[in-house]
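J.: Data file structure-v2.txt (compact mmCIF, C-alpha atoms and all ligand atoms) is appended below.
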# COMPACT_ATOMS: atom_id res chain seq x y z
CA MET A 1 -9.12 -14.41 5.92
CA ARG A 2 -7.43 -13.93 2.57
CA MET A 3 -8.76 -11.77 -0.23
CA TYR A 4 -7.63 -14.44 -2.72
CA ASP A 5 -10.08 -16.93 -1.16
CA LEU A 6 -12.99 -14.45 -1.31
CA ILE A 7 -12.36 -13.75 -4.99
CA LYS A 8 -12.16 -17.49 -5.76
CA LYS A 9 -15.34 -18.20 -3.75
CA LYS A 10 -17.36 -15.59 -5.63
CA ARG A 11 -15.77 -16.54 -8.95
CA ASP A 12 -17.02 -20.09 -8.40
CA GLY A 13 -20.56 -18.84 -7.68
CA ASP A 14 -20.60 -19.36 -3.90
CA LYS A 15 -22.18 -17.07 -1.34
CA LEU A 16 -20.00 -14.70 0.72
CA THR A 17 -20.70 -14.37 4.44
CA ALA A 18 -21.35 -11.01 6.12
CA ALA A 19 -17.98 -11.33 7.89
CA GLU A 20 -16.17 -11.87 4.56
CA ILE A 21 -17.93 -8.85 3.01
CA GLU A 22 -16.98 -6.68 6.01
CA TYR A 23 -13.37 -7.92 5.76
CA PHE A 24 -13.28 -6.84 2.10
CA ILE A 25 -14.84 -3.41 2.70
CA GLN A 26 -12.71 -2.61 5.75
CA GLY A 27 -9.53 -3.85 4.09
CA TYR A 28 -10.16 -1.93 0.87
CA THR A 29 -11.09 1.29 2.70
CA SER A 30 -7.96 1.16 4.86
CA GLY A 31 -5.73 0.53 1.83
CA LYS A 32 -4.69 -3.00 2.88
CA ILE A 33 -6.48 -4.60 -0.07
CA PRO A 34 -5.10 -3.33 -3.40
CA ASP A 35 -7.17 -2.08 -6.37
CA TYR A 36 -6.38 -5.19 -8.45
CA GLN A 37 -7.93 -7.56 -5.93
CA ALA A 38 -10.94 -5.27 -5.39
CA SER A 39 -11.39 -5.10 -9.20
CA ALA A 40 -11.27 -8.89 -9.44
CA LEU A 41 -13.93 -9.27 -6.74
CA CYS A 42 -16.18 -6.64 -8.39
CA MET A 43 -15.87 -8.51 -11.68
CA ALA A 44 -16.70 -11.82 -9.97
CA ILE A 45 -19.77 -10.13 -8.41
CA TRP A 46 -20.69 -8.72 -11.84
CA PHE A 47 -20.72 -12.27 -13.29
CA ARG A 48 -22.10 -14.21 -10.33
CA GLY A 49 -24.38 -11.65 -8.65
CA MET A 50 -25.27 -11.54 -4.97
CA ASP A 51 -28.41 -12.63 -3.16
CA ALA A 52 -30.48 -10.31 -0.95
CA GLU A 53 -28.53 -11.21 2.21
CA GLU A 54 -25.14 -10.54 0.60
CA THR A 55 -26.41 -7.27 -0.94
CA THR A 56 -27.71 -6.10 2.44
CA ALA A 57 -24.40 -7.06 4.13
CA LEU A 58 -22.48 -5.11 1.45
CA THR A 59 -24.75 -2.08 1.93
CA LEU A 60 -24.29 -2.07 5.70
CA ALA A 61 -20.53 -2.54 5.41
CA ILE A 62 -20.37 0.47 3.03
CA ARG A 63 -22.52 2.53 5.44
CA ASP A 64 -20.25 1.59 8.35
CA SER A 65 -17.00 2.32 6.49
CA GLY A 66 -17.02 5.94 7.76
CA ASP A 67 -19.08 8.48 9.72
CA THR A 68 -22.84 8.69 9.78
CA LEU A 69 -24.42 12.11 9.69
CA HIS A 70 -25.87 13.55 12.90
CA LEU A 71 -27.90 16.65 12.18
CA ALA A 72 -29.72 18.36 15.02
CA PRO A 73 -33.38 17.35 15.13
CA THR A 74 -35.43 19.61 12.87
CA ASN A 75 -39.09 20.48 12.80
CA GLY A 76 -39.62 18.01 10.04
CA LEU A 77 -38.29 14.91 8.41
CA ARG A 78 -35.10 14.93 6.33
CA VAL A 79 -35.61 13.77 2.77
CA ASP A 80 -33.26 12.82 -0.05
CA LYS A 81 -33.48 11.50 -3.60
CA HIS A 82 -31.04 9.47 -5.64
CA SER A 83 -30.91 8.48 -9.27
CA THR A 84 -29.40 5.24 -10.55
CA GLY A 85 -27.73 7.31 -13.27
CA GLY A 86 -28.59 8.48 -16.72
CA VAL A 87 -27.65 10.68 -19.64
CA GLY A 88 -28.60 14.35 -19.27
CA ASP A 89 -29.97 13.61 -15.80
CA LYS A 90 -29.70 16.93 -13.97
CA THR A 91 -32.77 16.40 -11.76
CA SER A 92 -30.94 16.82 -8.41
CA LEU A 93 -29.96 20.38 -9.34
CA VAL A 94 -33.65 21.21 -9.74
CA VAL A 95 -35.39 18.98 -7.19
CA ILE A 96 -33.20 19.65 -4.13
CA PRO A 97 -33.66 23.46 -4.25
CA ILE A 98 -37.41 22.98 -4.77
CA VAL A 99 -37.93 20.87 -1.64
CA ALA A 100 -35.52 23.04 0.37
CA ALA A 101 -37.60 26.09 -0.63
CA LEU A 102 -40.54 24.28 0.95
CA GLY A 103 -38.76 23.97 4.30
CA ILE A 104 -37.33 20.48 4.02
CA LYS A 105 -33.69 20.01 4.96
CA VAL A 106 -31.64 18.11 2.40
CA ALA A 107 -28.13 16.81 3.06
CA LYS A 108 -27.22 15.15 -0.20
CA MET A 109 -24.20 13.09 -1.05
CA SER A 110 -23.74 12.72 -4.81
CA GLY A 111 -21.30 11.10 -7.17
CA ARG A 112 -19.17 12.02 -10.15
CA GLY A 113 -19.76 10.72 -13.66
CA LEU A 114 -19.98 6.94 -13.78
CA GLY A 115 -19.51 4.98 -16.99
CA HIS A 116 -21.44 6.75 -19.75
CA THR A 117 -23.56 8.72 -17.22
CA GLY A 118 -22.92 12.17 -15.78
CA GLY A 119 -22.67 12.97 -12.05
CA THR A 120 -24.09 15.84 -9.99
CA ILE A 121 -20.71 16.62 -8.42
CA ASP A 122 -19.02 17.19 -11.79
CA LYS A 123 -21.96 19.40 -12.80
CA LEU A 124 -21.79 21.53 -9.66
CA GLU A 125 -18.07 22.06 -10.19
CA ALA A 126 -18.99 23.94 -13.38
CA PHE A 127 -19.59 26.86 -10.96
CA ALA A 128 -16.07 28.28 -10.50
CA GLY A 129 -15.00 27.90 -6.88
CA PHE A 130 -17.85 25.57 -5.89
CA ARG A 131 -16.60 23.25 -3.12
CA THR A 132 -17.98 19.74 -3.17
CA ASP A 133 -15.33 18.58 -0.68
CA LEU A 134 -16.86 19.85 2.56
CA THR A 135 -15.88 18.09 5.77
CA THR A 136 -18.62 16.28 7.68
CA ALA A 137 -18.83 19.26 10.11
CA GLU A 138 -19.05 21.84 7.27
CA PHE A 139 -21.69 19.74 5.54
CA GLU A 140 -23.79 19.55 8.72
CA SER A 141 -23.48 23.26 9.47
CA THR A 142 -24.40 24.26 5.86
CA VAL A 143 -27.57 22.17 6.02
CA GLU A 144 -28.45 23.66 9.44
CA ARG A 145 -27.88 27.22 8.17
CA ILE A 146 -29.40 27.30 4.67
CA GLY A 147 -31.40 24.07 4.54
CA LEU A 148 -29.53 22.27 1.76
CA SER A 149 -26.11 21.09 0.73
CA ILE A 150 -24.77 18.72 -1.92
CA VAL A 151 -21.32 17.23 -1.41
CA GLY A 152 -19.11 14.61 -2.99
CA GLN A 153 -17.66 11.84 -0.91
CA SER A 154 -15.12 14.03 0.85
CA ALA A 155 -16.99 14.15 4.06
CA ASN A 156 -16.03 10.84 5.63
CA LEU A 157 -19.41 9.30 4.77
CA ALA A 158 -19.40 5.89 3.08
CA PRO A 159 -15.69 6.24 2.02
CA ALA A 160 -15.75 2.65 0.75
CA ASP A 161 -18.26 3.71 -1.90
CA LYS A 162 -16.04 6.59 -3.00
CA LEU A 163 -13.22 4.10 -3.70
CA LEU A 164 -15.43 1.43 -5.26
CA TYR A 165 -17.33 3.96 -7.39
CA ALA A 166 -14.11 5.26 -8.97
CA LEU A 167 -12.82 1.71 -9.47
CA ARG A 168 -16.04 0.40 -11.03
CA ASP A 169 -16.13 3.40 -13.37
CA VAL A 170 -12.96 2.23 -15.13
CA THR A 171 -13.24 -1.57 -14.82
CA ALA A 172 -16.59 -2.17 -16.60
CA THR A 173 -18.26 -3.23 -13.33
CA VAL A 174 -20.87 -0.48 -12.96
CA ASP A 175 -23.96 -2.22 -14.32
CA SER A 176 -24.35 -4.83 -11.61
CA LEU A 177 -27.56 -4.92 -9.59
CA PRO A 178 -25.96 -5.65 -6.14
CA LEU A 179 -23.12 -3.17 -6.74
CA ILE A 180 -25.53 -0.36 -7.70
CA ALA A 181 -27.99 -1.13 -4.89
CA SER A 182 -25.29 -1.24 -2.18
CA SER A 183 -23.55 1.87 -3.54
CA ILE A 184 -26.71 3.96 -3.47
CA MET A 185 -28.21 2.60 -0.26
CA GLY A 186 -24.85 2.57 1.62
CA LYS A 187 -24.60 6.34 0.99
CA LYS A 188 -28.25 7.00 1.82
CA LEU A 189 -28.05 5.09 5.11
CA ALA A 190 -24.83 6.90 6.10
CA ALA A 191 -26.59 10.24 5.52
CA ASP A 192 -29.33 8.96 7.86
CA ASP A 193 -32.28 10.54 6.02
CA ASP A 194 -35.80 9.76 7.18
CA CYS A 195 -37.31 9.55 3.69
CA ILE A 196 -35.73 8.53 0.40
CA VAL A 197 -37.08 8.79 -3.16
CA LEU A 198 -35.22 6.68 -5.71
CA ASP A 199 -35.26 7.55 -9.40
CA VAL A 200 -34.58 4.18 -11.00
CA LYS A 201 -33.87 4.68 -14.69
CA THR A 202 -34.76 2.24 -17.42
CA GLY A 203 -33.77 2.06 -21.09
CA SER A 204 -30.74 2.38 -23.33
CA GLY A 205 -29.10 5.20 -21.33
CA SER A 206 -29.54 3.46 -17.99
CA PHE A 207 -27.44 0.73 -16.38
CA MET A 208 -30.63 -1.35 -16.28
CA LYS A 209 -31.86 -1.67 -19.87
CA SER A 210 -35.16 -3.45 -19.27
CA VAL A 211 -38.12 -2.40 -17.14
CA GLU A 212 -37.99 -5.82 -15.39
CA ASP A 213 -34.35 -5.31 -14.29
CA SER A 214 -35.11 -1.75 -13.15
CA VAL A 215 -38.07 -2.94 -11.09
CA ALA A 216 -35.90 -5.69 -9.57
CA LEU A 217 -33.24 -3.12 -8.62
CA ALA A 218 -35.89 -0.80 -7.18
CA ARG A 219 -37.41 -3.59 -5.09
CA ILE A 220 -34.03 -4.56 -3.59
CA MET A 221 -33.27 -0.95 -2.62
CA VAL A 222 -36.75 -0.29 -1.24
CA ASP A 223 -36.48 -3.48 0.81
CA ILE A 224 -33.06 -2.52 2.24
CA GLY A 225 -34.37 0.97 3.09
CA ARG A 226 -37.51 -0.32 4.72
CA ARG A 227 -35.58 -2.79 6.88
CA ALA A 228 -33.43 0.14 8.02
CA GLY A 229 -36.60 1.97 9.12
CA LYS A 230 -36.75 4.48 6.24
CA ARG A 231 -39.78 5.72 4.35
CA ILE A 232 -38.80 4.94 0.81
CA SER A 233 -40.36 4.96 -2.66
CA ALA A 234 -38.96 4.35 -6.12
CA LEU A 235 -40.08 5.79 -9.45
CA ILE A 236 -39.14 3.76 -12.53
CA THR A 237 -38.45 6.44 -15.15
CA ASP A 238 -37.55 6.56 -18.81
CA MET A 239 -33.91 6.74 -19.83
CA ASP A 240 -34.22 5.49 -23.40
CA ARG A 241 -33.45 9.01 -24.58
CA PRO A 242 -31.36 11.71 -22.87
CA LEU A 243 -33.34 13.68 -20.28
CA GLY A 244 -33.89 17.29 -21.32
CA ASN A 245 -31.98 18.69 -24.29
CA THR A 246 -28.40 18.84 -23.04
CA VAL A 247 -25.62 16.43 -22.05
CA GLY A 248 -22.42 17.82 -20.49
CA ASN A 249 -21.70 19.66 -17.28
CA THR A 250 -22.08 23.43 -17.88
CA LEU A 251 -24.80 22.86 -20.49
CA GLU A 252 -26.80 20.80 -17.99
CA VAL A 253 -26.36 23.28 -15.13
CA VAL A 254 -27.69 26.07 -17.37
CA GLU A 255 -30.64 23.86 -18.38
CA ALA A 256 -31.36 23.12 -14.70
CA ILE A 257 -31.36 26.87 -13.99
CA GLU A 258 -33.82 27.40 -16.87
CA THR A 259 -36.02 24.65 -15.42
CA LEU A 260 -36.02 26.37 -12.02
CA ARG A 261 -37.06 29.53 -13.86
CA GLY A 262 -40.03 27.65 -15.33
CA ASN A 263 -38.54 27.49 -18.85
CA GLY A 264 -37.18 23.95 -18.85
CA PRO A 265 -37.82 21.18 -21.38
CA GLU A 266 -41.11 19.36 -20.82
CA ASP A 267 -39.70 15.91 -19.89
CA LEU A 268 -37.17 17.30 -17.41
CA THR A 269 -39.71 19.64 -15.81
CA GLU A 270 -42.33 16.91 -15.47
CA LEU A 271 -39.90 14.44 -13.90
CA CYS A 272 -38.52 17.02 -11.45
CA VAL A 273 -42.05 17.99 -10.40
CA ALA A 274 -42.96 14.31 -9.89
CA LEU A 275 -39.83 13.56 -7.83
CA ALA A 276 -40.18 16.67 -5.67
CA THR A 277 -43.88 15.94 -5.12
CA LYS A 278 -43.06 12.39 -4.00
CA MET A 279 -40.42 13.67 -1.58
CA LEU A 280 -42.94 16.07 -0.02
CA VAL A 281 -45.63 13.41 0.24
CA LEU A 282 -43.19 11.05 2.03
CA ALA A 283 -42.32 13.89 4.39
CA GLU A 284 -46.00 14.32 5.22
CA LYS A 285 -46.30 17.79 3.70
CA GLY A 286 -49.78 17.07 2.40
CA ASP A 287 -51.56 14.98 -0.18
CA GLU A 288 -50.22 14.61 -3.71
CA ALA A 289 -52.29 17.42 -5.23
CA THR A 290 -51.28 19.92 -2.50
CA CYS A 291 -47.61 18.97 -2.72
CA ARG A 292 -47.59 19.29 -6.53
CA GLU A 293 -49.25 22.70 -6.29
CA ASN A 294 -46.58 23.83 -3.80
CA VAL A 295 -43.79 22.59 -6.04
CA LEU A 296 -45.17 24.58 -8.99
CA ARG A 297 -45.63 27.62 -6.73
CA VAL A 298 -41.96 27.79 -5.58
CA ILE A 299 -40.80 27.43 -9.18
CA ALA A 300 -43.10 30.24 -10.34
CA SER A 301 -42.16 32.52 -7.42
CA GLY A 302 -38.40 32.09 -7.93
CA GLU A 303 -37.94 30.78 -4.35
CA ALA A 304 -36.48 27.49 -5.59
CA LEU A 305 -34.01 29.32 -7.84
CA GLN A 306 -32.93 31.45 -4.87
CA LYS A 307 -32.27 28.26 -2.86
CA LEU A 308 -29.90 27.07 -5.58
CA ALA A 309 -28.16 30.47 -5.42
CA ASP A 310 -27.92 30.17 -1.60
CA MET A 311 -26.22 26.79 -1.94
CA VAL A 312 -23.82 27.99 -4.64
CA GLU A 313 -22.79 30.91 -2.42
CA ALA A 314 -22.53 28.80 0.75
CA GLN A 315 -20.21 26.34 -1.00
CA GLY A 316 -17.84 28.91 -2.49
CA GLY A 317 -19.36 29.79 -5.88
CA ASP A 318 -20.77 33.08 -7.16
CA ARG A 319 -24.57 33.29 -6.79
CA VAL A 320 -24.76 35.77 -9.66
CA TRP A 321 -24.05 32.90 -12.09
CA VAL A 322 -27.46 31.47 -11.13
CA THR A 323 -29.28 34.64 -12.14
CA ASP A 324 -26.95 35.36 -15.07
CA PRO A 325 -25.84 32.04 -16.62
CA SER A 326 -24.05 33.91 -19.43
CA ARG A 327 -21.14 34.07 -16.93
CA PHE A 328 -20.34 30.36 -17.36
CA PRO A 329 -17.32 29.79 -19.63
CA LYS A 330 -18.30 28.41 -23.04
CA ALA A 331 -16.66 25.83 -25.28
CA ALA A 332 -14.26 27.30 -27.83
CA HIS A 333 -15.63 25.23 -30.73
CA THR A 334 -19.02 23.98 -31.93
CA HIS A 335 -20.03 21.53 -34.64
CA CYS A 336 -23.39 20.41 -36.04
CA VAL A 337 -24.49 16.83 -36.74
CA ARG A 338 -27.06 16.88 -39.55
CA ALA A 339 -29.82 14.48 -40.58
CA PRO A 340 -28.63 12.16 -43.38
CA ARG A 341 -32.24 11.84 -44.70
CA SER A 342 -35.73 13.19 -44.04
CA GLY A 343 -38.06 11.40 -41.63
CA PHE A 344 -38.99 10.91 -38.00
CA ILE A 345 -36.33 10.24 -35.38
CA THR A 346 -37.59 6.84 -34.28
CA ARG A 347 -34.94 5.95 -31.74
CA VAL A 348 -31.67 7.19 -30.26
CA ASN A 349 -29.32 5.10 -28.18
CA ALA A 350 -28.98 7.23 -25.06
CA GLU A 351 -25.91 5.35 -23.79
CA GLU A 352 -24.08 6.24 -27.00
CA TYR A 353 -25.14 9.89 -26.63
CA GLY A 354 -23.48 9.74 -23.19
CA ARG A 355 -20.37 8.20 -24.77
CA ALA A 356 -20.28 10.91 -27.43
CA ALA A 357 -20.30 13.57 -24.68
CA LEU A 358 -17.47 11.66 -23.01
CA LEU A 359 -15.48 11.66 -26.27
CA LEU A 360 -15.88 15.44 -26.40
CA GLY A 361 -14.24 15.73 -22.95
CA ALA A 362 -17.28 15.80 -20.63
CA GLY A 363 -16.32 12.57 -18.78
CA ARG A 364 -13.36 10.43 -17.76
CA ASN A 365 -11.67 7.42 -19.32
CA THR A 366 -9.31 6.86 -16.38
CA LYS A 367 -9.59 7.77 -12.69
CA GLU A 368 -7.03 10.55 -13.19
CA ASP A 369 -8.67 12.28 -16.21
CA VAL A 370 -9.64 15.94 -15.82
CA ILE A 371 -13.00 16.77 -17.37
CA ASP A 372 -13.82 19.73 -19.58
CA HIS A 373 -16.91 21.37 -18.05
CA THR A 374 -17.74 23.25 -21.24
CA ALA A 375 -17.87 20.10 -23.42
CA GLY A 376 -21.05 18.27 -24.37
CA LEU A 377 -23.96 18.29 -26.74
CA ARG A 378 -27.38 19.83 -27.27
CA LEU A 379 -30.18 17.84 -28.91
CA ILE A 380 -31.93 20.04 -31.42
CA ALA A 381 -34.21 17.20 -32.54
CA LYS A 382 -35.40 14.45 -30.19
CA THR A 383 -37.11 11.09 -30.58
CA GLY A 384 -40.47 11.61 -32.34
CA ASP A 385 -39.42 14.85 -34.09
CA TYR A 386 -39.54 15.16 -37.90
CA VAL A 387 -36.30 16.27 -39.55
CA LYS A 388 -35.52 17.20 -43.16
CA GLU A 389 -32.30 15.99 -44.78
CA GLY A 390 -29.52 18.36 -43.71
CA ASP A 391 -31.35 19.69 -40.63
CA VAL A 392 -29.24 20.00 -37.50
CA MET A 393 -30.01 17.11 -35.13
CA VAL A 394 -27.32 17.68 -32.52
CA GLU A 395 -24.97 20.57 -31.72
CA LEU A 396 -21.58 19.56 -30.28
CA PHE A 397 -19.32 21.60 -27.98
CA ALA A 398 -15.60 20.99 -27.33
CA SER A 399 -12.35 22.76 -26.59
CA ASP A 400 -10.51 20.66 -29.17
CA PRO A 401 -12.15 20.55 -32.64
CA SER A 402 -10.35 17.28 -33.51
CA LEU A 403 -12.75 15.52 -31.09
CA PHE A 404 -15.81 16.26 -33.27
CA ALA A 405 -15.18 13.58 -35.91
CA SER A 406 -15.44 10.51 -33.66
CA ALA A 407 -18.38 11.90 -31.63
CA SER A 408 -20.28 12.74 -34.87
CA VAL A 409 -19.80 9.20 -36.20
CA VAL A 410 -21.14 7.74 -32.94
CA LEU A 411 -24.23 9.97 -33.03
CA GLN A 412 -24.98 9.32 -36.70
CA ASN A 413 -24.75 5.57 -36.14
CA VAL A 414 -27.16 5.53 -33.21
CA THR A 415 -29.85 7.97 -34.37
CA GLU A 416 -32.48 6.00 -36.28
CA ILE A 417 -34.66 7.83 -38.81
CA GLY A 418 -37.82 6.24 -40.22
CA ASP A 419 -40.94 7.09 -42.17
CA ARG A 420 -43.39 6.75 -39.28
CA ALA A 421 -43.51 8.53 -35.95
CA PRO A 422 -42.53 6.12 -33.15
CA ALA A 423 -44.96 5.04 -30.42
CA SER A 424 -44.50 7.27 -27.40
CA ARG A 425 -42.91 5.88 -24.21
CA PRO A 426 -44.15 6.86 -20.77
CA LEU A 427 -41.91 9.12 -18.68
CA ILE A 428 -42.80 7.25 -15.48
CA PHE A 429 -43.31 3.48 -15.89
CA ASP A 430 -44.09 2.49 -12.33
CA VAL A 431 -43.99 3.62 -8.72
CA ILE A 432 -42.86 1.22 -6.01
CA ASP A 433 -43.98 2.32 -2.56
N1 LIG B 501 -25.36 5.88 -8.47
C1 LIG B 501 -24.59 5.49 -7.43
O1 LIG B 501 -24.45 6.22 -6.46
N2 LIG B 501 -23.98 4.31 -7.50
C2 LIG B 501 -24.11 3.47 -8.55
O2 LIG B 501 -23.54 2.40 -8.54
C3 LIG B 501 -24.91 3.87 -9.64
C4 LIG B 501 -25.53 5.09 -9.58
Would you write the structure of this file as structure tokens?
Ligand code: URA
T.:
Amino acid sequence: MRMYDLIKKKRDGDKLTAAEIEYFIQGYTSGKIPDYQASALCMAIWFRGMDAEETTALTLAIRDSGDTLHLAPTNGLRVDKHSTGGVGDKTSLVVIPIVAALGIKVAKMSGRGLGHTGGTIDKLEAFAGFRTDLTTAEFESTVERIGLSIVGQSANLAPADKLLYALRDVTATVDSLPLIASSIMGKKLAADDDCIVLDVKTGSGSFMKSVEDSVALARIMVDIGRRAGKRISALITDMDRPLGNTVGNTLEVVEAIETLRGNGPEDLTELCVALATKMLVLAEKGDEATCRENVLRVIASGEALQKLADMVEAQGGDRVWVTDPSRFPKAAHTHCVRAPRSGFITRVNAEEYGRAALLLGAGRNTKEDVIDHTAGLRLIAKTGDYVKEGDVMVELFASDPSLFASASVVLQNVTEIGDRAPASRPLIFDVID
């Protein structure tokens, strides 16, 4: 086989065979296929798409590109969740400790920032010393010992996704239904969880802008999971505005800690409670009402917060930062974006809010970029709020004050102010079981 022929075949809209997809994934993982040919194939897939058979073959090839996890049998089912990516989406930092506090083992593999969205791994690295690069053996033993662990793709699980994820991030090939579905499900199948809850975002800050596309993505992933023998559900959730009030790594970690203390923003808290409840229901921990009650109980008791502290300590960070977030380094400079007129905030473009955080240093423009964990933004006014001319709408944080000008222009251009309050959007649009 020749990579050139695969690229041409997909470019011309033809279907790739499972053998051709395996050839690509194995060749790219081993370094025999260069980045430029992998980029060209991803772009051809972006334009031409893949059918269900090709998407399943790509998922299985990604799963089989490295190890699969083998944790000792536990007294219960192993459960995981995964988001398709959003702006201000720090739910994993809240949800994983909650379910671990309720006795469920979670071995989670997460990603770094992708496109305009943030990633759990970059957020966790805001804790000085936190290791996201555990080996497969360290990952397994941490989960056995403390009941939870979140790692990047250092453990040799789905290494093809690690390479493709970084490549897609900088080649405008993220927002492709088969590439997202295979990336997420390849990782989930390699981690060999019994139950999976997918948080499929929809709206301006998501890779899938319409509810129809988000439902289509959810159905493909649920179908792949079910065929692999997993219990799997997907929640279609709002990403037309940033989730919670902060965007940027340290800011989001601190907000997640506040949420685990019971003081989080309403939308973030409600979504985390819904996701954790779904995970518990799939793991047969009771009916929905009982599971929800238990979720609220471990937040109120502080047990979930302690689980986050256990994980931070086990992976090389200082657990005191969880109980005293004032220890996180702060950005050297702040700047306020003010309302140009009085009125209701009728709409924000969440993707552009993500891009503004990126401009401030919170994300990467090339694979090699180093991110600034202290950079980001805090929404002082959100969609539906009334602002008076000159009120602060957004507070910006950066290490270099020259970055404020371009981020402010972006935010002012994408925050719409009108005379009437906008219709409210649901937080959860649909559940696909
Ligand atoms: N999350 C992933 O893991 N992969 C994607 O492609 C998008 C979101």
J.: Please produce, as JSON lines, a per-residue contact table for chain A versus ligand LIG 501 (chain B) (criterion: any atom at most 9 Å away, only C-alpha atoms and all ligand atoms considered), showing the nearest atom pair and its distance in Å to one decimal, sorted by chain then residue number.
T.:
{"residue": "A:His82", "atom": "CA", "partner": "B:LIG501", "partner_atom": "N1", "distance": 7.3}
{"residue": "A:Ser83", "atom": "CA", "partner": "B:LIG501", "partner_atom": "N1", "distance": 6.2}
{"residue": "A:Thr84", "atom": "CA", "partner": "B:LIG501", "partner_atom": "C4", "distance": 4.0}
{"residue": "A:Gly85", "atom": "CA", "partner": "B:LIG501", "partner_atom": "C4", "distance": 4.8}
{"residue": "A:Gly86", "atom": "CA", "partner": "B:LIG501", "partner_atom": "C4", "distance": 8.5}
{"residue": "A:Met109", "atom": "CA", "partner": "B:LIG501", "partner_atom": "O1", "distance": 8.7}
{"residue": "A:Ser110", "atom": "CA", "partner": "B:LIG501", "partner_atom": "O1", "distance": 6.7}
{"residue": "A:Gly111", "atom": "CA", "partner": "B:LIG501", "partner_atom": "O1", "distance": 5.9}
{"residue": "A:Arg112", "atom": "CA", "partner": "B:LIG501", "partner_atom": "O1", "distance": 8.7}
{"residue": "A:Leu114", "atom": "CA", "partner": "B:LIG501", "partner_atom": "C3", "distance": 7.1}
{"residue": "A:Thr117", "atom": "CA", "partner": "B:LIG501", "partner_atom": "C4", "distance": 8.7}
{"residue": "A:Gly119", "atom": "CA", "partner": "B:LIG501", "partner_atom": "N1", "distance": 8.4}
{"residue": "A:Asp161", "atom": "CA", "partner": "B:LIG501", "partner_atom": "N2", "distance": 8.0}
{"residue": "A:Leu164", "atom": "CA", "partner": "B:LIG501", "partner_atom": "O2", "distance": 8.8}
{"residue": "A:Tyr165", "atom": "CA", "partner": "B:LIG501", "partner_atom": "O2", "distance": 6.5}
{"residue": "A:Arg168", "atom": "CA", "partner": "B:LIG501", "partner_atom": "O2", "distance": 8.2}
{"residue": "A:Asp169", "atom": "CA", "partner": "B:LIG501", "partner_atom": "O2", "distance": 8.9}
{"residue": "A:Val174", "atom": "CA", "partner": "B:LIG501", "partner_atom": "O2", "distance": 5.9}
{"residue": "A:Asp175", "atom": "CA", "partner": "B:LIG501", "partner_atom": "O2", "distance": 7.4}
{"residue": "A:Ser176", "atom": "CA", "partner": "B:LIG501", "partner_atom": "O2", "distance": 7.9}
{"residue": "A:Leu177", "atom": "CA", "partner": "B:LIG501", "partner_atom": "O2", "distance": 8.4}
{"residue": "A:Pro178", "atom": "CA", "partner": "B:LIG501", "partner_atom": "O2", "distance": 8.7}
{"residue": "A:Leu179", "atom": "CA", "partner": "B:LIG501", "partner_atom": "O2", "distance": 5.9}
{"residue": "A:Ile180", "atom": "CA", "partner": "B:LIG501", "partner_atom": "O2", "distance": 3.5}
{"residue": "A:Ala181", "atom": "CA", "partner": "B:LIG501", "partner_atom": "O2", "distance": 6.8}
{"residue": "A:Ser182", "atom": "CA", "partner": "B:LIG501", "partner_atom": "O2", "distance": 7.5}
{"residue": "A:Ser183", "atom": "CA", "partner": "B:LIG501", "partner_atom": "N2", "distance": 4.7}
{"residue": "A:Ile184", "atom": "CA", "partner": "B:LIG501", "partner_atom": "O1", "distance": 4.4}
{"residue": "A:Met185", "atom": "CA", "partner": "B:LIG501", "partner_atom": "O1", "distance": 8.1}
{"residue": "A:Gly186", "atom": "CA", "partner": "B:LIG501", "partner_atom": "O1", "distance": 8.9}
{"residue": "A:Lys187", "atom": "CA", "partner": "B:LIG501", "partner_atom": "O1", "distance": 7.5}
{"residue": "A:Phe207", "atom": "CA", "partner": "B:LIG501", "partner_atom": "C3", "distance": 7.9}
J.: Please determine, counting only C-alpha atoms, which residue among A:Leu124, A:Ile257, A:Leu163, A:Ile104 has the shortest atom-to-atom distance to Gly27 in chain A.
T.: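 The shortest atom-to-atom distance to Gly27 in chain A comes from A:Leu163.
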J.: Which residues are close to Cys336 in chain A, i.e. within 10 Å by all atoms listed in the file, leaving aside same-chain residues fewer than 2 positions away? Reply as a list in words.
T.: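 Within the cut-off, the hits are Thr334, Arg338, Ala339, Leu377, Arg378, Ile380, Asp391, Val392, Met393, Val394, Glu395, Leu396, Phe397, Phe404 and Ser408 of chain A.
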J.: Could you jot down the CA of Ala375 in chain A to CA of Leu305 in chain A separation for me, Å, one decimal place?
T.: 24.3 Å
J.: Figure out the distance between CA of Asn156 in chain A and CA of Phe24 in chain A, please, to one decimal in Å.
T.: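 Atom-to-atom, CA of Phe24 in chain A to CA of Asn156 in chain A, that is 18.2 Å.
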J.: At a cut-off of 9 Å, using all atoms listed in the file, what residues contact Asp430 in chain A? Leave out same-chain residues fewer than 3 positions from it and give the result as a list in words.
T.: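 Counting only the stated atoms, we get Val215, Ala234, Leu235, Ile236 and Thr237 of chain A.
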J.: For Tyr23 in chain A, work out the shell of residues within 10 Å, counting all atoms listed in the file and skipping chain neighbours fewer than 6 positions away, then give it as a PyMOL selection string.
T.: chain A and resi 1-3+6+17+29+33+61
J.: Quick one, how far is CA of Gly376 in chain A from CA of Asp318 in chain A?
T.: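 CA of Asp318 in chain A lies 22.7 Å from CA of Gly376 in chain A.
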J.: Restricting the calculation to all atoms listed in the file: of A:Ile96, A:Leu379, A:Val295, A:Ala191, which residue gets closest to Pro265 in chain A?
T.: A:Leu379
J.: Pick the closest to Ser399 in chain A from A:Arg425, A:Lys9, A:Lys330, A:Lys307: which is it, counting only C-alpha atoms?
T.: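 Closest residue, counting only C-alpha atoms: A:Lys330.
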